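To start, the structure itself, in structure tokens.
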Amino acid sequence: MDAGKGHHWAAVVDETGATLWSKQIDNDESAILTALGEILELADEVHWAVDIAGTSSALLLALLAAHGQQAVHVPGRTVNRMAGAYRGEAKTNARDAYVIAETARHRNDFSAIDVPAQLAADLALLTAHHTDLVADRVRMLNRLRDVLTGVFPAPERAFDYSAHKGALVLLTGYQTPAAIRRRGRARLTAWLAGRGVRGADPVASTALEAASALHTALPGEDVAAQIVADLAEQILALDDRLKHVDRQILETFRTHPQAEIIESLPVMGPILGAEFVVAAGDLSAYLDAGHLASAAGLVPVPRDSGRRTGDLHRPKRYSRRLRRVFYRSAQTSIVREGSNRDFSLKKRGEGREHVQAVIALARRRASVLWALLRDIRVFTSTPPVAHAI
């Protein structure tokens, strides 16, 4: 199946590679069910392969699962490389579907696609939405700082708008130095306090100090002030949406049977925990901690040739999302005092660069988390006592 948003293309080949069936299928329940019936009539046993295991193939995969059929995932990069092994240079949906079918016929090591349970599906949607909102917030903050620098550079330096709600509230009402000076400290403090800003007086004092340093009206100040006010309001509204999504993720993640174990690992909060559940999938698929670390791209791969041995490189095929979970948790953990920071400093003392030390720590944390899930126990700072059998 060459999956797409509007339609899929299905190609069926037999054990010799001959094409038995090849058609376009609309991404619609009735069309998929009709094609499914026709394909299942061709043989007693059918093996399915899809190049996309995402939203565009969600309906297709759900209908296959409902009829007792399971598909494997043939990555797009593999399809692209395998296409060169067949005659012709044309690229069509029909040819792509044929290459997918042929690749799956020759190889039996592709990962099976499991239709997620309701909990996993909910977490996948919530974490993806959370990631999009965070990206939107970063983009708007960068735009806000850029516009503000052009007309009022002093407060851009004075406040950290990514973490200071009071500064954003200030910008919704006052964006130019002249407006802040006219308001005065007492009235500005009262205005901020009336809008729920904590520490309103220090915010007003800092803003007045910045306004006193600029008495020249820069070109485009009036239009820029409108843009700054609009961006500040959008960021504040976005913060409220993020808080709501965070609560949803927390409540949903806590219903997972292994949530307590996952969250017990230091700095592995509900957000990272939910992303781990989504990215890792069925944990029974990982035979040991090394398999989990390898899936996250934390294990180097050798590229030996001839007499050259021990040439290790970063892998190219791994779960980016799973790697991000362990990398972010490792980065956060080294900020705090403790064994994680000590391990990172030890690696730096061995001559490793910062990124190498973080990856080594992420690899260690993956092993610890896998052991916790295997033993069904929460993390403790002291190792468990081994009992003789």
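By convention in this document, the chains of the structure tokens carry letters A, B, ... by their order, each chain's residues are numbered from 1, and ligands are numbered from 1 in the order they are shown.
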
Once you count only C-alpha atoms, what closest atom pair and distance in Å to one decimal does each residue of region 105-163 of chain A within 12 Å of region 46-66 of chain A have, with rows by chain and rising residue number, as JSON lines?
```
{"residue": "A:Arg105", "atom": "CA", "partner": "A:His47", "partner_atom": "CA", "distance": 8.4}
{"residue": "A:His106", "atom": "CA", "partner": "A:His47", "partner_atom": "CA", "distance": 11.8}
{"residue": "A:Arg107", "atom": "CA", "partner": "A:Ala49", "partner_atom": "CA", "distance": 11.0}
{"residue": "A:Asn108", "atom": "CA", "partner": "A:His47", "partner_atom": "CA", "distance": 10.3}
{"residue": "A:Asp109", "atom": "CA", "partner": "A:Ala49", "partner_atom": "CA", "distance": 11.8}
{"residue": "A:Phe110", "atom": "CA", "partner": "A:Ala49", "partner_atom": "CA", "distance": 9.0}
{"residue": "A:Ser111", "atom": "CA", "partner": "A:Ala49", "partner_atom": "CA", "distance": 9.9}
{"residue": "A:Ala112", "atom": "CA", "partner": "A:Ala49", "partner_atom": "CA", "distance": 8.8}
{"residue": "A:Ile113", "atom": "CA", "partner": "A:Ala53", "partner_atom": "CA", "distance": 7.2}
{"residue": "A:Asp114", "atom": "CA", "partner": "A:Ala65", "partner_atom": "CA", "distance": 8.3}
{"residue": "A:Val115", "atom": "CA", "partner": "A:Ala62", "partner_atom": "CA", "distance": 6.4}
{"residue": "A:Pro116", "atom": "CA", "partner": "A:Ala62", "partner_atom": "CA", "distance": 9.2}
{"residue": "A:Ala117", "atom": "CA", "partner": "A:Ala62", "partner_atom": "CA", "distance": 10.8}
{"residue": "A:Ala121", "atom": "CA", "partner": "A:Ala58", "partner_atom": "CA", "distance": 10.7}
{"residue": "A:Ala124", "atom": "CA", "partner": "A:Gly54", "partner_atom": "CA", "distance": 10.8}
{"residue": "A:Leu125", "atom": "CA", "partner": "A:Thr55", "partner_atom": "CA", "distance": 10.2}
{"residue": "A:Ala128", "atom": "CA", "partner": "A:Thr55", "partner_atom": "CA", "distance": 11.7}
```

Export, as a CSV table (one decimal), in the first residue's frame, the selected residues with N, CA, C and O atoms.
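Output saved as result_28.csv:
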```csv
chain,number,residue,atom,x,y,z
A,105,ARG,N,8.1,-8.6,0.3
A,105,ARG,CA,8.2,-10.1,0.0
A,105,ARG,C,9.6,-10.6,0.2
A,105,ARG,O,9.7,-11.8,0.6
A,106,HIS,N,10.6,-9.8,0.0
A,106,HIS,CA,12.0,-10.3,0.1
A,106,HIS,C,12.5,-10.2,1.5
A,106,HIS,O,13.4,-11.0,1.9
A,107,ARG,N,11.9,-9.3,2.3
A,107,ARG,CA,12.4,-9.1,3.7
A,107,ARG,C,11.3,-9.4,4.7
A,107,ARG,O,10.2,-9.1,4.5
A,108,ASN,N,11.7,-10.0,5.8
A,108,ASN,CA,10.7,-10.3,6.9
A,108,ASN,C,11.1,-9.7,8.2
A,108,ASN,O,10.7,-10.2,9.2
A,109,ASP,N,12.0,-8.7,8.1
A,109,ASP,CA,12.4,-8.0,9.4
A,109,ASP,C,11.9,-6.7,9.6
A,109,ASP,O,12.3,-5.9,10.5
A,110,PHE,N,10.8,-6.3,8.9
A,110,PHE,CA,10.2,-5.0,9.1
A,110,PHE,C,9.3,-5.1,10.3
A,110,PHE,O,8.7,-6.1,10.7
A,111,SER,N,9.2,-3.9,11.0
A,111,SER,CA,8.4,-3.8,12.2
A,111,SER,C,6.9,-3.9,11.9
A,111,SER,O,6.4,-3.2,11.0
A,112,ALA,N,6.2,-4.6,12.7
A,112,ALA,CA,4.7,-4.7,12.6
A,112,ALA,C,4.1,-3.4,13.1
A,112,ALA,O,4.6,-2.8,14.1
A,113,ILE,N,3.0,-3.0,12.5
A,113,ILE,CA,2.3,-1.8,12.9
A,113,ILE,C,1.2,-2.2,13.8
A,113,ILE,O,0.3,-2.9,13.3
A,114,ASP,N,1.2,-1.7,15.0
A,114,ASP,CA,0.1,-2.0,15.9
A,114,ASP,C,-0.9,-0.8,16.0
A,114,ASP,O,-0.4,0.3,16.2
A,115,VAL,N,-2.1,-1.1,15.8
A,115,VAL,CA,-3.1,0.0,16.0
A,115,VAL,C,-3.1,0.4,17.5
A,115,VAL,O,-3.4,-0.5,18.3
A,116,PRO,N,-2.9,1.6,17.9
A,116,PRO,CA,-2.8,2.0,19.3
A,116,PRO,C,-4.1,1.8,20.0
A,116,PRO,O,-5.2,2.0,19.4
A,117,ALA,N,-4.0,1.5,21.3
A,117,ALA,CA,-5.2,1.5,22.1
A,117,ALA,C,-5.7,2.9,22.4
A,117,ALA,O,-5.0,3.9,22.0
A,121,ALA,N,-3.5,6.3,21.8
A,121,ALA,CA,-4.0,7.3,20.8
A,121,ALA,C,-4.2,8.7,21.4
A,121,ALA,O,-3.9,9.7,20.8
A,124,ALA,N,-0.9,10.3,22.1
A,124,ALA,CA,-0.2,10.7,20.9
A,124,ALA,C,-0.8,12.0,20.3
A,124,ALA,O,0.0,12.9,19.9
A,125,LEU,N,-2.1,12.2,20.4
A,125,LEU,CA,-2.7,13.4,19.9
A,125,LEU,C,-2.4,14.6,20.8
A,125,LEU,O,-2.1,15.7,20.3
A,128,ALA,N,1.4,15.6,20.5
A,128,ALA,CA,1.7,16.2,19.2
A,128,ALA,C,1.1,17.6,19.3
A,128,ALA,O,1.8,18.6,18.8
```

When distances are computed from only C-alpha atoms, which of A:Thr19, A:Thr127, A:Thr382, A:Gln69 shows the smallest separation from Leu242 (chain A)?
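Result for the nearest residue to Leu242 (chain A): A:Thr127.
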
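If you look at CA of Glu41 (chain A) and CA of Lys23 (chain A), they are 15.1 Å away from each other.
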
Looking only at the backbone, which of the residues in region 88-270 of chain A does DSSP tag as alpha helix (DSSP H), as a PyMOL selection string?
chain A and resi 93-106+118-151+153-158+165-173+177-183+185-193+200-212+221-253+259-264+270

Taking the chain letters and numbering used in this document, name the residues of region 154-351 of chain A that DSSP puts in strand (DSSP E), as a tab-separated table (two decimals) with N, CA, C and O atoms, in the first residue's frame.
```
chain	number	residue	atom	x	y	z
A	301	VAL	N	26.95	2.92	15.73
A	301	VAL	CA	27.01	1.78	14.82
A	301	VAL	C	28.39	1.75	14.16
A	301	VAL	O	28.96	2.78	13.83
A	302	PRO	N	28.97	0.55	13.99
A	302	PRO	CA	30.30	0.46	13.37
A	302	PRO	C	30.24	0.59	11.86
A	302	PRO	O	29.26	0.20	11.22
A	312	LEU	N	33.22	4.04	14.73
A	312	LEU	CA	31.84	4.15	15.19
A	312	LEU	C	31.24	5.48	14.76
A	312	LEU	O	31.90	6.52	14.81
A	313	HIS	N	29.98	5.42	14.33
A	313	HIS	CA	29.28	6.62	13.88
A	313	HIS	C	27.90	6.68	14.50
A	313	HIS	O	27.36	5.68	14.96
```

Contact table region 290-374 of chain A vs region 256-260 of chain A, cut-off 12 Å, shortest pair per residue, only C-alpha atoms, as a tab-separated table:
```
residue	atom	partner	partner_atom	distance
A:Leu369	CA	A:Gln258	CA	11.1
A:Trp370	CA	A:Gln258	CA	11.6
A:Leu372	CA	A:Gln258	CA	9.9
A:Leu373	CA	A:Gln258	CA	7.5
A:Arg374	CA	A:Gln258	CA	10.7
```

Put those residues in a file: N, CA and C atoms, as a CSV table (one decimal), in the first residue's frame.
```
chain,number,residue,atom,x,y,z
A,369,LEU,N,15.6,3.0,33.1
A,369,LEU,CA,14.1,3.0,32.9
A,369,LEU,C,13.7,1.6,32.4
A,370,TRP,N,14.4,1.0,31.5
A,370,TRP,CA,14.1,-0.3,31.1
A,370,TRP,C,14.1,-1.3,32.2
A,372,LEU,N,13.6,-0.6,35.4
A,372,LEU,CA,12.5,-0.4,36.3
A,372,LEU,C,11.2,-1.0,35.8
A,373,LEU,N,11.0,-0.8,34.5
A,373,LEU,CA,9.8,-1.4,33.8
A,373,LEU,C,9.8,-2.9,33.8
A,374,ARG,N,11.0,-3.5,33.7
A,374,ARG,CA,11.2,-4.9,33.7
A,374,ARG,C,10.8,-5.5,35.1
```
